[in-house]
>>> print(open('protein08.pdb').read())   # PDB, C-alpha atoms and all ligand atoms
MODEL        1
ATOM      1  CA  MET D   1     -14.062   3.444 -29.485
ATOM      2  CA  ASN D   2     -12.605   1.229 -32.214
ATOM      3  CA  SER D   3     -11.183  -2.281 -32.224
ATOM      4  CA  LEU D   4      -7.798  -1.547 -33.839
ATOM      5  CA  LEU D   5      -5.903  -3.124 -30.930
ATOM      6  CA  LYS D   6      -8.532  -5.419 -29.437
ATOM      7  CA  ASN D   7      -7.002  -8.155 -27.238
ATOM      8  CA  LYS D   8      -3.486  -6.786 -27.796
ATOM      9  CA  ASN D   9      -1.247  -6.540 -24.729
ATOM     10  CA  ILE D  10       0.720  -3.307 -24.928
ATOM     11  CA  VAL D  11       3.379  -1.967 -22.557
ATOM     12  CA  VAL D  12       3.419   1.814 -22.043
ATOM     13  CA  MET D  13       6.572   3.379 -20.543
ATOM     14  CA  GLY D  14       6.586   7.030 -19.465
ATOM     15  CA  VAL D  15       3.351   8.314 -17.939
ATOM     16  CA  ALA D  16       4.421  10.908 -15.336
ATOM     17  CA  ASN D  17       1.148  12.889 -15.190
ATOM     18  CA  ASN D  18      -1.896  13.905 -17.242
ATOM     19  CA  ARG D  19       0.268  16.099 -19.508
ATOM     20  CA  SER D  20       2.609  13.257 -20.491
ATOM     21  CA  ILE D  21       2.592  12.243 -24.140
ATOM     22  CA  ALA D  22       2.333   8.665 -22.871
ATOM     23  CA  TRP D  23      -0.964   9.575 -21.192
ATOM     24  CA  GLY D  24      -2.398  10.739 -24.548
ATOM     25  CA  ILE D  25      -1.159   7.455 -25.985
ATOM     26  CA  THR D  26      -2.775   5.524 -23.125
ATOM     27  CA  LYS D  27      -6.178   7.027 -23.922
ATOM     28  CA  SER D  28      -5.851   6.199 -27.637
ATOM     29  CA  LEU D  29      -4.740   2.623 -26.946
ATOM     30  CA  HIS D  30      -7.580   2.153 -24.468
ATOM     31  CA  ASN D  31     -10.067   3.486 -27.028
ATOM     32  CA  ALA D  32      -8.651   0.964 -29.502
ATOM     33  CA  GLY D  33      -9.395  -1.900 -27.110
ATOM     34  CA  ALA D  34      -5.833  -2.722 -25.945
ATOM     35  CA  ASN D  35      -4.948  -4.333 -22.618
ATOM     36  CA  LEU D  36      -2.453  -2.002 -20.982
ATOM     37  CA  ILE D  37       0.662  -2.716 -18.952
ATOM     38  CA  PHE D  38       2.552   0.265 -17.513
ATOM     39  CA  THR D  39       6.062   0.891 -16.297
ATOM     40  CA  ASN D  40       7.148   3.830 -14.115
ATOM     41  CA  ARG D  41      10.438   4.913 -12.636
ATOM     42  CA  GLN D  42       9.310   7.108  -9.747
ATOM     43  CA  GLU D  43       6.789   6.034  -7.132
ATOM     44  CA  ARG D  44       5.233   9.504  -7.450
ATOM     45  CA  SER D  45       4.548   8.899 -11.162
ATOM     46  CA  LYS D  46       3.003   5.536 -10.355
ATOM     47  CA  GLN D  47       0.618   7.157  -7.880
ATOM     48  CA  LYS D  48      -0.377   9.806 -10.431
ATOM     49  CA  LEU D  49      -0.890   7.119 -13.062
ATOM     50  CA  GLU D  50      -3.099   5.046 -10.736
ATOM     51  CA  LYS D  51      -5.236   8.091 -10.018
ATOM     52  CA  LEU D  52      -5.568   8.963 -13.721
ATOM     53  CA  LEU D  53      -6.497   5.390 -14.605
ATOM     54  CA  ALA D  54      -9.185   5.324 -11.904
ATOM     55  CA  GLN D  55     -10.592   8.718 -12.978
ATOM     56  CA  ASN D  56     -10.808   7.527 -16.582
ATOM     57  CA  GLU D  57     -12.157   4.081 -15.688
ATOM     58  CA  ILE D  58      -9.218   2.317 -17.316
ATOM     59  CA  ASP D  59      -8.372  -0.993 -15.690
ATOM     60  CA  PRO D  60      -4.624  -1.689 -16.082
ATOM     61  CA  THR D  61      -3.508  -5.254 -16.695
ATOM     62  CA  LEU D  62      -0.307  -4.641 -14.709
ATOM     63  CA  ILE D  63       1.896  -1.808 -13.401
ATOM     64  CA  VAL D  64       5.587  -2.560 -12.801
ATOM     65  CA  SER D  65       8.509  -0.368 -11.859
ATOM     66  CA  CYS D  66      11.356   0.103 -14.345
ATOM     67  CA  ASP D  67      14.353   2.436 -14.310
ATOM     68  CA  VAL D  68      15.787   2.399 -17.833
ATOM     69  CA  ALA D  69      19.186   3.486 -16.468
ATOM     70  CA  ASP D  70      19.519   0.079 -14.850
ATOM     71  CA  ASP D  71      19.762  -3.143 -16.903
ATOM     72  CA  GLU D  72      18.684  -5.303 -13.972
ATOM     73  CA  SER D  73      15.577  -3.188 -13.483
ATOM     74  CA  ILE D  74      14.683  -3.592 -17.179
ATOM     75  CA  VAL D  75      15.258  -7.364 -17.121
ATOM     76  CA  ASN D  76      13.177  -7.723 -13.929
ATOM     77  CA  ALA D  77      10.332  -5.592 -15.290
ATOM     78  CA  PHE D  78       9.988  -7.612 -18.489
ATOM     79  CA  GLN D  79      10.401 -10.883 -16.619
ATOM     80  CA  GLU D  80       7.478  -9.904 -14.383
ATOM     81  CA  ILE D  81       5.431  -8.887 -17.429
ATOM     82  CA  GLY D  82       6.249 -12.258 -19.054
ATOM     83  CA  GLU D  83       5.239 -14.191 -15.937
ATOM     84  CA  LYS D  84       2.015 -12.290 -15.270
ATOM     85  CA  VAL D  85       0.824 -11.384 -18.778
ATOM     86  CA  GLY D  86       2.662 -13.730 -21.174
ATOM     87  CA  THR D  87       2.830 -12.592 -24.776
ATOM     88  CA  ILE D  88       2.901  -8.860 -25.528
ATOM     89  CA  HIS D  89       2.054  -7.295 -28.885
ATOM     90  CA  GLY D  90       3.365  -3.778 -28.493
ATOM     91  CA  LEU D  91       5.636  -1.426 -26.605
ATOM     92  CA  VAL D  92       5.511   2.355 -26.265
ATOM     93  CA  HIS D  93       8.820   3.982 -25.282
ATOM     94  CA  SER D  94       8.070   7.548 -24.166
ATOM     95  CA  VAL D  95      11.063   8.224 -21.970
ATOM     96  CA  ALA D  96      13.861  10.795 -22.082
ATOM     97  CA  PHE D  97      16.072  12.753 -19.741
ATOM     98  CA  ALA D  98      18.802  15.410 -19.867
ATOM     99  CA  ASN D  99      20.092  17.785 -17.238
ATOM    100  CA  ARG D 100      18.285  21.092 -17.433
ATOM    101  CA  ASP D 101      21.558  23.053 -17.525
ATOM    102  CA  GLU D 102      22.503  21.291 -20.798
ATOM    103  CA  LEU D 103      19.315  22.524 -22.498
ATOM    104  CA  ASN D 104      20.392  26.111 -23.079
ATOM    105  CA  GLY D 105      23.390  28.028 -24.365
ATOM    106  CA  GLU D 106      25.917  26.455 -26.710
ATOM    107  CA  TYR D 107      25.952  22.747 -27.575
ATOM    108  CA  ALA D 108      29.755  22.943 -27.638
ATOM    109  CA  ASP D 109      29.634  23.449 -23.856
ATOM    110  CA  THR D 110      27.924  20.098 -23.223
ATOM    111  CA  SER D 111      29.728  18.148 -20.497
ATOM    112  CA  ARG D 112      30.834  14.554 -21.045
ATOM    113  CA  ASP D 113      28.601  13.383 -18.193
ATOM    114  CA  GLY D 114      25.638  15.353 -19.512
ATOM    115  CA  TYR D 115      26.127  13.919 -22.999
ATOM    116  CA  LEU D 116      26.347  10.340 -21.721
ATOM    117  CA  LEU D 117      23.338  10.767 -19.433
ATOM    118  CA  ALA D 118      21.113  12.043 -22.265
ATOM    119  CA  GLN D 119      22.255   9.216 -24.563
ATOM    120  CA  ASN D 120      21.823   6.630 -21.831
ATOM    121  CA  ILE D 121      18.261   7.453 -20.781
ATOM    122  CA  SER D 122      16.895   8.840 -24.051
ATOM    123  CA  SER D 123      18.512   6.612 -26.664
ATOM    124  CA  TYR D 124      20.233   3.487 -25.331
ATOM    125  CA  SER D 125      17.124   2.701 -23.299
ATOM    126  CA  LEU D 126      15.244   1.848 -26.514
ATOM    127  CA  VAL D 127      17.899  -0.748 -27.372
ATOM    128  CA  ALA D 128      17.751  -2.284 -23.897
ATOM    129  CA  VAL D 129      13.956  -2.458 -23.720
ATOM    130  CA  THR D 130      13.665  -3.808 -27.273
ATOM    131  CA  ARG D 131      16.048  -6.637 -26.319
ATOM    132  CA  GLU D 132      13.793  -7.679 -23.427
ATOM    133  CA  ALA D 133      10.458  -6.933 -25.093
ATOM    134  CA  LYS D 134      11.212  -8.985 -28.220
ATOM    135  CA  LYS D 135      11.423 -12.127 -26.053
ATOM    136  CA  LEU D 136       7.765 -11.610 -25.138
ATOM    137  CA  MET D 137       6.634 -10.527 -28.630
ATOM    138  CA  THR D 138       6.293 -14.080 -29.874
ATOM    139  CA  GLU D 139       3.386 -13.195 -32.183
ATOM    140  CA  GLY D 140       5.136 -10.127 -33.656
ATOM    141  CA  GLY D 141       3.899  -6.588 -33.072
ATOM    142  CA  GLY D 142       5.040  -2.994 -32.906
ATOM    143  CA  ILE D 143       7.436  -0.823 -30.918
ATOM    144  CA  VAL D 144       7.006   2.957 -31.040
ATOM    145  CA  THR D 145       9.298   5.606 -29.539
ATOM    146  CA  GLN D 146       8.948   9.395 -29.304
ATOM    147  CA  THR D 147      11.378  11.739 -31.042
ATOM    148  CA  TYR D 148      11.606  15.415 -32.009
ATOM    149  CA  LEU D 149      12.674  17.561 -34.972
ATOM    150  CA  GLY D 150      15.824  18.544 -33.060
ATOM    151  CA  ALA D 151      17.223  15.190 -34.231
ATOM    152  CA  GLU D 152      17.209  16.373 -37.859
ATOM    153  CA  ARG D 153      17.805  20.108 -37.575
ATOM    154  CA  VAL D 154      19.434  22.509 -35.167
ATOM    155  CA  VAL D 155      16.712  23.677 -32.785
ATOM    156  CA  PRO D 156      18.030  26.358 -30.421
ATOM    157  CA  ASN D 157      18.662  25.080 -26.866
ATOM    158  CA  TYR D 158      17.634  21.490 -27.645
ATOM    159  CA  ASN D 159      21.354  20.740 -27.886
ATOM    160  CA  VAL D 160      22.366  17.455 -26.256
ATOM    161  CA  MET D 161      18.833  16.108 -26.512
ATOM    162  CA  GLY D 162      18.828  16.708 -30.283
ATOM    163  CA  VAL D 163      21.923  14.565 -30.600
ATOM    164  CA  ALA D 164      20.380  11.885 -28.355
ATOM    165  CA  LYS D 165      17.231  11.906 -30.548
ATOM    166  CA  ALA D 166      19.399  11.550 -33.690
ATOM    167  CA  ALA D 167      20.913   8.425 -32.120
ATOM    168  CA  LEU D 168      17.425   7.263 -31.155
ATOM    169  CA  GLU D 169      16.185   7.609 -34.750
ATOM    170  CA  ALA D 170      19.227   5.713 -36.066
ATOM    171  CA  SER D 171      18.507   3.025 -33.461
ATOM    172  CA  VAL D 172      14.938   2.774 -34.750
ATOM    173  CA  ARG D 173      16.346   1.828 -38.163
ATOM    174  CA  TYR D 174      18.934  -0.659 -36.880
ATOM    175  CA  LEU D 175      16.442  -2.253 -34.483
ATOM    176  CA  ALA D 176      13.814  -2.456 -37.238
ATOM    177  CA  GLU D 177      16.248  -4.502 -39.313
ATOM    178  CA  ASP D 178      17.089  -6.772 -36.374
ATOM    179  CA  VAL D 179      13.573  -7.619 -35.292
ATOM    180  CA  GLY D 180      11.783  -7.442 -38.647
ATOM    181  CA  LYS D 181      12.450 -11.141 -39.156
ATOM    182  CA  TYR D 182      10.379 -11.849 -36.029
ATOM    183  CA  GLY D 183       7.446  -9.848 -37.376
ATOM    184  CA  ILE D 184       8.196  -6.919 -35.071
ATOM    185  CA  ARG D 185       8.110  -3.364 -36.435
ATOM    186  CA  VAL D 186       9.966  -0.411 -34.876
ATOM    187  CA  ASN D 187       8.959   3.185 -35.595
ATOM    188  CA  ALA D 188       9.110   6.659 -34.081
ATOM    189  CA  VAL D 189       6.624   9.488 -33.832
ATOM    190  CA  SER D 190       8.211  12.929 -34.133
ATOM    191  CA  ALA D 191       5.813  15.195 -32.268
ATOM    192  CA  GLY D 192       5.711  18.951 -32.429
ATOM    193  CA  PRO D 193       6.237  20.786 -29.131
ATOM    194  CA  ILE D 194       3.761  19.920 -26.367
ATOM    195  CA  ARG D 195       3.783  21.469 -22.896
ATOM    196  CA  THR D 196       4.811  18.624 -20.558
ATOM    197  CA  LEU D 197       6.975  18.255 -17.457
ATOM    198  CA  SER D 198      10.040  17.356 -19.583
ATOM    199  CA  ALA D 199       9.422  20.199 -22.054
ATOM    200  CA  LYS D 200       9.670  22.694 -19.178
ATOM    201  CA  GLY D 201      13.394  21.945 -19.010
ATOM    202  CA  VAL D 202      14.054  23.265 -22.539
ATOM    203  CA  SER D 203      14.827  27.009 -22.668
ATOM    204  CA  GLY D 204      12.643  29.076 -25.011
ATOM    205  CA  PHE D 205      10.028  26.336 -25.255
ATOM    206  CA  ASN D 206       7.148  28.840 -25.643
ATOM    207  CA  ASP D 207       8.766  30.225 -28.831
ATOM    208  CA  LYS D 208       8.889  26.733 -30.313
ATOM    209  CA  MET D 209       5.155  26.382 -29.702
ATOM    210  CA  SER D 210       4.137  29.763 -31.097
ATOM    211  CA  VAL D 211       6.065  29.225 -34.345
ATOM    212  CA  ILE D 212       3.888  26.164 -35.064
ATOM    213  CA  GLU D 213       0.744  28.313 -35.064
ATOM    214  CA  GLU D 214       2.444  30.865 -37.309
ATOM    215  CA  LYS D 215       4.234  28.675 -39.826
ATOM    216  CA  ALA D 216       3.056  25.045 -39.842
ATOM    217  CA  PRO D 217       0.698  24.119 -42.717
ATOM    218  CA  LEU D 218      -2.126  23.246 -40.300
ATOM    219  CA  ARG D 219      -1.458  26.392 -38.188
ATOM    220  CA  ARG D 220      -2.448  24.754 -34.926
ATOM    221  CA  GLN D 221      -0.765  23.229 -31.929
ATOM    222  CA  ILE D 222      -0.094  19.563 -31.421
ATOM    223  CA  ASP D 223      -1.624  17.782 -28.467
ATOM    224  CA  GLN D 224      -1.090  14.493 -26.697
ATOM    225  CA  ASP D 225      -4.218  12.987 -28.269
ATOM    226  CA  GLN D 226      -2.937  13.494 -31.835
ATOM    227  CA  VAL D 227       0.310  11.754 -30.897
ATOM    228  CA  GLY D 228      -1.712   9.040 -29.176
ATOM    229  CA  ASP D 229      -3.782   8.268 -32.267
ATOM    230  CA  ALA D 230      -0.700   8.198 -34.537
ATOM    231  CA  THR D 231       1.036   5.849 -32.097
ATOM    232  CA  ALA D 232      -2.022   3.575 -31.977
ATOM    233  CA  PHE D 233      -1.980   3.453 -35.788
ATOM    234  CA  LEU D 234       1.723   2.514 -35.867
ATOM    235  CA  LEU D 235       1.133  -0.245 -33.301
ATOM    236  CA  SER D 236      -1.815  -1.655 -35.219
ATOM    237  CA  ASP D 237      -2.073  -3.926 -38.247
ATOM    238  CA  MET D 238      -3.104  -0.870 -40.264
ATOM    239  CA  ALA D 239       0.621  -0.019 -40.291
ATOM    240  CA  ARG D 240       1.759  -3.592 -41.000
ATOM    241  CA  GLY D 241       3.903  -2.437 -43.930
ATOM    242  CA  VAL D 242       5.655   0.348 -42.002
ATOM    243  CA  THR D 243       8.920  -0.112 -40.108
ATOM    244  CA  GLY D 244      12.122   1.817 -39.407
ATOM    245  CA  ASP D 245      10.251   5.058 -40.043
ATOM    246  CA  VAL D 246       9.696   8.411 -38.369
ATOM    247  CA  LEU D 247       6.138   9.740 -38.608
ATOM    248  CA  HIS D 248       5.895  13.497 -38.006
ATOM    249  CA  VAL D 249       2.888  14.603 -35.966
ATOM    250  CA  ASP D 250       3.707  18.303 -36.026
ATOM    251  CA  SER D 251       0.998  20.033 -38.111
ATOM    252  CA  GLY D 252       3.440  19.620 -41.021
ATOM    253  CA  PHE D 253       6.034  22.023 -39.577
ATOM    254  CA  HIS D 254       8.998  19.887 -40.676
ATOM    255  CA  ILE D 255       8.289  20.484 -44.400
ATOM    256  CA  ILE D 256       8.559  24.256 -44.110
ATOM    257  CA  ALA D 257      11.885  25.935 -44.979
TER     258      ALA D 257
HETATM  259  P1  LIG D 301       7.131  13.603 -19.395
HETATM  260  O1  LIG D 301       8.026  14.328 -18.432
HETATM  261  O2  LIG D 301       5.689  13.619 -19.115
HETATM  262  O3  LIG D 301       7.603  12.101 -19.574
HETATM  263  C1  LIG D 301       8.950  11.715 -19.501
HETATM  264  C2  LIG D 301       8.975  10.331 -18.898
HETATM  265  O4  LIG D 301      10.332   9.840 -18.913
HETATM  266  C3  LIG D 301       8.518  10.297 -17.442
HETATM  267  O5  LIG D 301       7.440   9.419 -17.315
HETATM  268  C4  LIG D 301       9.734   9.765 -16.690
HETATM  269  O6  LIG D 301       9.410   8.842 -15.662
HETATM  270  C5  LIG D 301      10.449   9.008 -17.787
HETATM  271  N1  LIG D 301      11.841   8.751 -17.402
HETATM  272  C6  LIG D 301      12.853   9.630 -17.258
HETATM  273  N2  LIG D 301      13.956   8.987 -16.838
HETATM  274  C7  LIG D 301      13.627   7.663 -16.715
HETATM  275  C8  LIG D 301      14.325   6.494 -16.316
HETATM  276  N3  LIG D 301      15.610   6.535 -15.947
HETATM  277  N4  LIG D 301      13.663   5.306 -16.312
HETATM  278  C9  LIG D 301      12.373   5.238 -16.685
HETATM  279  N5  LIG D 301      11.647   6.318 -17.069
HETATM  280  C10 LIG D 301      12.276   7.515 -17.072
HETATM  281  O7  LIG D 301       7.458  14.297 -20.805
HETATM  282  P2  LIG D 301       6.975  14.008 -22.299
HETATM  283  O8  LIG D 301       5.691  13.303 -22.301
HETATM  284  O9  LIG D 301       7.132  15.309 -23.005
HETATM  285  O10 LIG D 301       8.129  13.066 -22.859
HETATM  286  C11 LIG D 301       7.886  11.784 -23.409
HETATM  287  C12 LIG D 301       8.744  11.573 -24.653
HETATM  288  O11 LIG D 301       8.280  12.445 -25.692
HETATM  289  C13 LIG D 301      10.226  11.902 -24.460
HETATM  290  O12 LIG D 301      10.994  10.982 -25.190
HETATM  291  C14 LIG D 301      10.328  13.287 -25.099
HETATM  292  O13 LIG D 301      11.640  13.591 -25.512
HETATM  293  C15 LIG D 301       9.387  13.097 -26.266
HETATM  294  N6  LIG D 301       8.943  14.316 -26.961
HETATM  295  C16 LIG D 301       8.395  15.341 -26.255
HETATM  296  C17 LIG D 301       7.981  16.479 -26.917
HETATM  297  C18 LIG D 301       7.377  17.620 -26.164
HETATM  298  O14 LIG D 301       7.298  18.715 -26.724
HETATM  299  N7  LIG D 301       6.926  17.451 -24.945
HETATM  300  C19 LIG D 301       8.111  16.624 -28.379
HETATM  301  C20 LIG D 301       8.654  15.453 -29.024
HETATM  302  C21 LIG D 301       9.073  14.358 -28.330
HETATM  303  P3  LIG D 301       9.307   9.313 -14.116
HETATM  304  O15 LIG D 301       8.274  10.389 -14.091
HETATM  305  O16 LIG D 301       8.879   8.093 -13.398
HETATM  306  O17 LIG D 301      10.662   9.808 -13.751
ENDMDL
END
>>> encode(input="protein08.pdb", output="structure tokens", more="lines below")
Ligand code: NDP
Amino acid sequence: MNSLLKNKNIVVMGVANNRSIAWGITKSLHNAGANLIFTNRQERSKQKLEKLLAQNEIDPTLIVSCDVADDESIVNAFQEIGEKVGTIHGLVHSVAFANRDELNGEYADTSRDGYLLAQNISSYSLVAVTREAKKLMTEGGGIVTQTYLGAERVVPNYNVMGVAKAALEASVRYLAEDVGKYGIRVNAVSAGPIRTLSAKGVSGFNDKMSVIEEKAPLRRQIDQDQVGDATAFLLSDMARGVTGDVLHVDSGFHIIA
């Protein structure tokens, strides 16, 4: 336990189950003393989240539903958070989606619909939630999203999601400039591969994991807890001078040629 985020109200988007990166983040934020508000899309994810919270003796401040594909749903979710919680100090965006059949083969074969869907859920959603969250972040704070190396380099099969993550990282920079004047910082964590529900959709995912153990400077896998601690740092005052940045939590893999 530490008091890095004591009395801070933080919204976490994207816990689907105990393997979710957002669940690792939840544990780190709880250990840092934060009050936690959650959003889910699917009812099934909400039920899993409630069970996990009970098992881990974490008392949520609020759980609201939010489909990031739908502007009205986003507006309603943040309105409810504003009414029931008031000021928030942080937001974790850990949400992405692409059709499984776009995550293999050649990127050139990406369909228009598949491209727009990946951009919509995985990239535009950060813009839309930042717009609503900033209204509640009246004391400043931090927003952290989750990205992947496929934004910077060609990672086989990551295809349309790599391009969506590139847009997401550019959005982090543009949003950081917009909201910096309100004392709000926007950053991304670029995690190495972690076995989650979403990762299952990417062809050849096991190869991406094994190469980390072979080639990354630290020669060990990444887990949700490492990403959680880095996210907690970026949300906290310890990172008060950091915005518009991408912090790699990947055992150093991105520096290797
Ligand atoms: P999960 O499948 O556990 O989490 C993905 C989350 O996205 C789910 O909670 C899902 O909600 C949510 N989501 C999808 N569509 C929508 C929508 N329309 N509205 C609201 N929420 C939605 O996978 P991860 O934890 O792996 O993914 C979290 C983030 O981390 C993603 O951005 C991913 O790209 C990124 N990342 C993952 C890496 C990995 O190796 N796993 C590596 C680097 C980054 P629901 O269940 O309710 O549908």
>>> residues_around(input="protein08.pdb", residues="stretch 81-98 of chain D", least_positions_apart="6", cutoff="7 Å", atoms="only C-alpha atoms", output="list in words")
Lys8, Asn9, Ile10, Val11, Val12, Met13, Gly14, Ala22, Gly114, Leu117, Ala118, Ile121, Ser122, Leu126, Leu136, Met137, Thr138, Glu139, Gly140, Gly141, Gly142, Ile143, Val144, Thr145, Gln146, Met161 and Leu235 of chain D
>>> resolve_selection(input="protein08.pdb", expression="the PyMOL selection byres (((not hetatm)) within 8 of (chain D and resi 301))", output="PyMOL selection string")
chain D and resi 13-23+39-46+66-70+93-97+121-122+145-149+161+165+189-199
>>> residues_around(input="protein08.pdb", residues="D:Gly244", least_positions_apart="4", cutoff="9 Å", atoms="only C-alpha atoms", output="list in words")
Glu169, Ala170, Ser171, Val172, Arg173, Tyr174, Leu175, Ala176, Glu177, Arg185, Val186, Asn187 and Ala188 of chain D
>>> write_last_selection(input="protein08.pdb", atoms="C-alpha atoms", output="CSV table (one decimal), keeping the file's coordinate frame")
chain,number,residue,atom,x,y,z
D,169,GLU,CA,16.2,7.6,-34.8
D,170,ALA,CA,19.2,5.7,-36.1
D,171,SER,CA,18.5,3.0,-33.5
D,172,VAL,CA,14.9,2.8,-34.8
D,173,ARG,CA,16.3,1.8,-38.2
D,174,TYR,CA,18.9,-0.7,-36.9
D,175,LEU,CA,16.4,-2.3,-34.5
D,176,ALA,CA,13.8,-2.5,-37.2
D,177,GLU,CA,16.2,-4.5,-39.3
D,185,ARG,CA,8.1,-3.4,-36.4
D,186,VAL,CA,10.0,-0.4,-34.9
D,187,ASN,CA,9.0,3.2,-35.6
D,188,ALA,CA,9.1,6.7,-34.1
>>> resolve_selection(input="protein08.pdb", expression="the PyMOL selection byres (((chain D and resi 58) around 12) and not hetatm)", output="list in words")
Trp23, Thr26, Lys27, Ser28, Leu29, His30, Asn31, Gly33, Ala34, Asn35, Leu36, Ile37, Phe38, Leu49, Glu50, Lys51, Leu52, Leu53, Ala54, Gln55, Asn56, Glu57, Asp59, Pro60, Thr61 and Leu62 of chain D
>>> closest_residue(input="protein08.pdb", among="D:Val211, D:Ala77, D:Val163, D:Ala128", to="D:Ile63", atoms="only C-alpha atoms")
D:Ala77
>>> closest_residue(input="protein08.pdb", among="D:Pro156, D:Ile212, D:Tyr115, D:Ile222", to="D:Ile255", atoms="all atoms listed in the file")
D:Ile212
>>> closest_residue(input="protein08.pdb", among="D:Ser111, D:Ser125, D:Asn7, D:Thr231", to="D:Val75", atoms="all atoms listed in the file")
D:Ser125
>>> atom_distance(input="protein08.pdb", atom1="atom CA of D:Arg100", atom2="atom CA of D:Gly24")
24.2 Å
>>> axis_aligned_box(input="protein08.pdb", around="stretch 226-234 of chain D", padding_each_side="6 Å", output="lines of an AutoDock Vina configuration file")
center_x = -1.0
center_y = 8.0
center_z = -32.5
size_x = 17.5
size_y = 23.0
size_z = 18.7
>>> atom_distance(input="protein08.pdb", atom1="atom CA of D:Lys181", atom2="atom CA of D:Ala32")
26.2 Å
>>> resolve_selection(input="protein08.pdb", expression="the PyMOL selection byres (((chain D and resi 216) around 8) and not hetatm)", output="number ranges by chain")
D: 211-215, 217-220, 250-254, 256
>>> closest_residue(input="protein08.pdb", among="D:Lys200, D:Ile25, D:Asp245, D:Gly162", to="D:Asp223", atoms="all atoms listed in the file")
D:Ile25
>>> atom_distance(input="protein08.pdb", atom1="atom CA of D:Ile74", atom2="atom CA of D:Gln119")
16.6 Å
>>> closest_residue(input="protein08.pdb", among="D:Tyr182, D:Val160, D:Val129, D:Tyr124", to="D:Asp109", atoms="all atoms listed in the file")
D:Val160
>>> closest_residue(input="protein08.pdb", among="D:Ala230, D:Val202, D:Val155, D:Ile184", to="D:Leu103", atoms="only C-alpha atoms")
D:Val202
>>> decode(input="protein08.pdb", residues="stretch 108-120 of chain D", atoms="N, CA, C and O atoms", output="PDB file, in the first residue's frame")
ATOM      1  N   ALA D 108      -2.822  -4.628 -46.474  1.00  0.00           N
ATOM      2  CA  ALA D 108      -3.422  -4.058 -47.701  1.00  0.00           C
ATOM      3  C   ALA D 108      -4.831  -4.607 -47.938  1.00  0.00           C
ATOM      4  O   ALA D 108      -5.622  -3.983 -48.654  1.00  0.00           O
ATOM      5  N   ASP D 109      -5.157  -5.734 -47.341  1.00  0.00           N
ATOM      6  CA  ASP D 109      -6.490  -6.324 -47.530  1.00  0.00           C
ATOM      7  C   ASP D 109      -7.521  -5.830 -46.519  1.00  0.00           C
ATOM      8  O   ASP D 109      -8.657  -6.315 -46.489  1.00  0.00           O
ATOM      9  N   THR D 110      -7.135  -4.892 -45.672  1.00  0.00           N
ATOM     10  CA  THR D 110      -8.074  -4.362 -44.667  1.00  0.00           C
ATOM     11  C   THR D 110      -9.299  -3.765 -45.364  1.00  0.00           C
ATOM     12  O   THR D 110      -9.167  -2.995 -46.317  1.00  0.00           O
ATOM     13  N   SER D 111     -10.479  -4.093 -44.861  1.00  0.00           N
ATOM     14  CA  SER D 111     -11.705  -3.523 -45.444  1.00  0.00           C
ATOM     15  C   SER D 111     -11.925  -2.107 -44.902  1.00  0.00           C
ATOM     16  O   SER D 111     -11.415  -1.752 -43.834  1.00  0.00           O
ATOM     17  N   ARG D 112     -12.706  -1.322 -45.635  1.00  0.00           N
ATOM     18  CA  ARG D 112     -13.007   0.037 -45.178  1.00  0.00           C
ATOM     19  C   ARG D 112     -13.739  -0.015 -43.835  1.00  0.00           C
ATOM     20  O   ARG D 112     -13.414   0.717 -42.895  1.00  0.00           O
ATOM     21  N   ASP D 113     -14.719  -0.917 -43.745  1.00  0.00           N
ATOM     22  CA  ASP D 113     -15.487  -1.021 -42.491  1.00  0.00           C
ATOM     23  C   ASP D 113     -14.599  -1.448 -41.321  1.00  0.00           C
ATOM     24  O   ASP D 113     -14.722  -0.925 -40.216  1.00  0.00           O
ATOM     25  N   GLY D 114     -13.701  -2.401 -41.611  1.00  0.00           N
ATOM     26  CA  GLY D 114     -12.813  -2.893 -40.556  1.00  0.00           C
ATOM     27  C   GLY D 114     -11.856  -1.803 -40.084  1.00  0.00           C
ATOM     28  O   GLY D 114     -11.566  -1.680 -38.892  1.00  0.00           O
ATOM     29  N   TYR D 115     -11.391  -1.013 -41.028  1.00  0.00           N
ATOM     30  CA  TYR D 115     -10.482   0.107 -40.707  1.00  0.00           C
ATOM     31  C   TYR D 115     -11.209   1.117 -39.817  1.00  0.00           C
ATOM     32  O   TYR D 115     -10.701   1.531 -38.772  1.00  0.00           O
ATOM     33  N   LEU D 116     -12.431   1.487 -40.254  1.00  0.00           N
ATOM     34  CA  LEU D 116     -13.174   2.519 -39.508  1.00  0.00           C
ATOM     35  C   LEU D 116     -13.577   2.026 -38.122  1.00  0.00           C
ATOM     36  O   LEU D 116     -13.558   2.790 -37.155  1.00  0.00           O
ATOM     37  N   LEU D 117     -13.914   0.740 -38.039  1.00  0.00           N
ATOM     38  CA  LEU D 117     -14.302   0.180 -36.727  1.00  0.00           C
ATOM     39  C   LEU D 117     -13.129   0.239 -35.745  1.00  0.00           C
ATOM     40  O   LEU D 117     -13.274   0.686 -34.594  1.00  0.00           O
ATOM     41  N   ALA D 118     -11.944  -0.181 -36.205  1.00  0.00           N
ATOM     42  CA  ALA D 118     -10.767  -0.175 -35.318  1.00  0.00           C
ATOM     43  C   ALA D 118     -10.438   1.254 -34.885  1.00  0.00           C
ATOM     44  O   ALA D 118     -10.139   1.515 -33.705  1.00  0.00           O
ATOM     45  N   GLN D 119     -10.502   2.197 -35.818  1.00  0.00           N
ATOM     46  CA  GLN D 119     -10.220   3.600 -35.483  1.00  0.00           C
ATOM     47  C   GLN D 119     -11.263   4.144 -34.505  1.00  0.00           C
ATOM     48  O   GLN D 119     -10.928   4.871 -33.565  1.00  0.00           O
ATOM     49  N   ASN D 120     -12.508   3.789 -34.754  1.00  0.00           N
ATOM     50  CA  ASN D 120     -13.612   4.302 -33.951  1.00  0.00           C
ATOM     51  C   ASN D 120     -13.467   3.883 -32.476  1.00  0.00           C
ATOM     52  O   ASN D 120     -13.416   4.727 -31.571  1.00  0.00           O
TER      53      ASN D 120
END
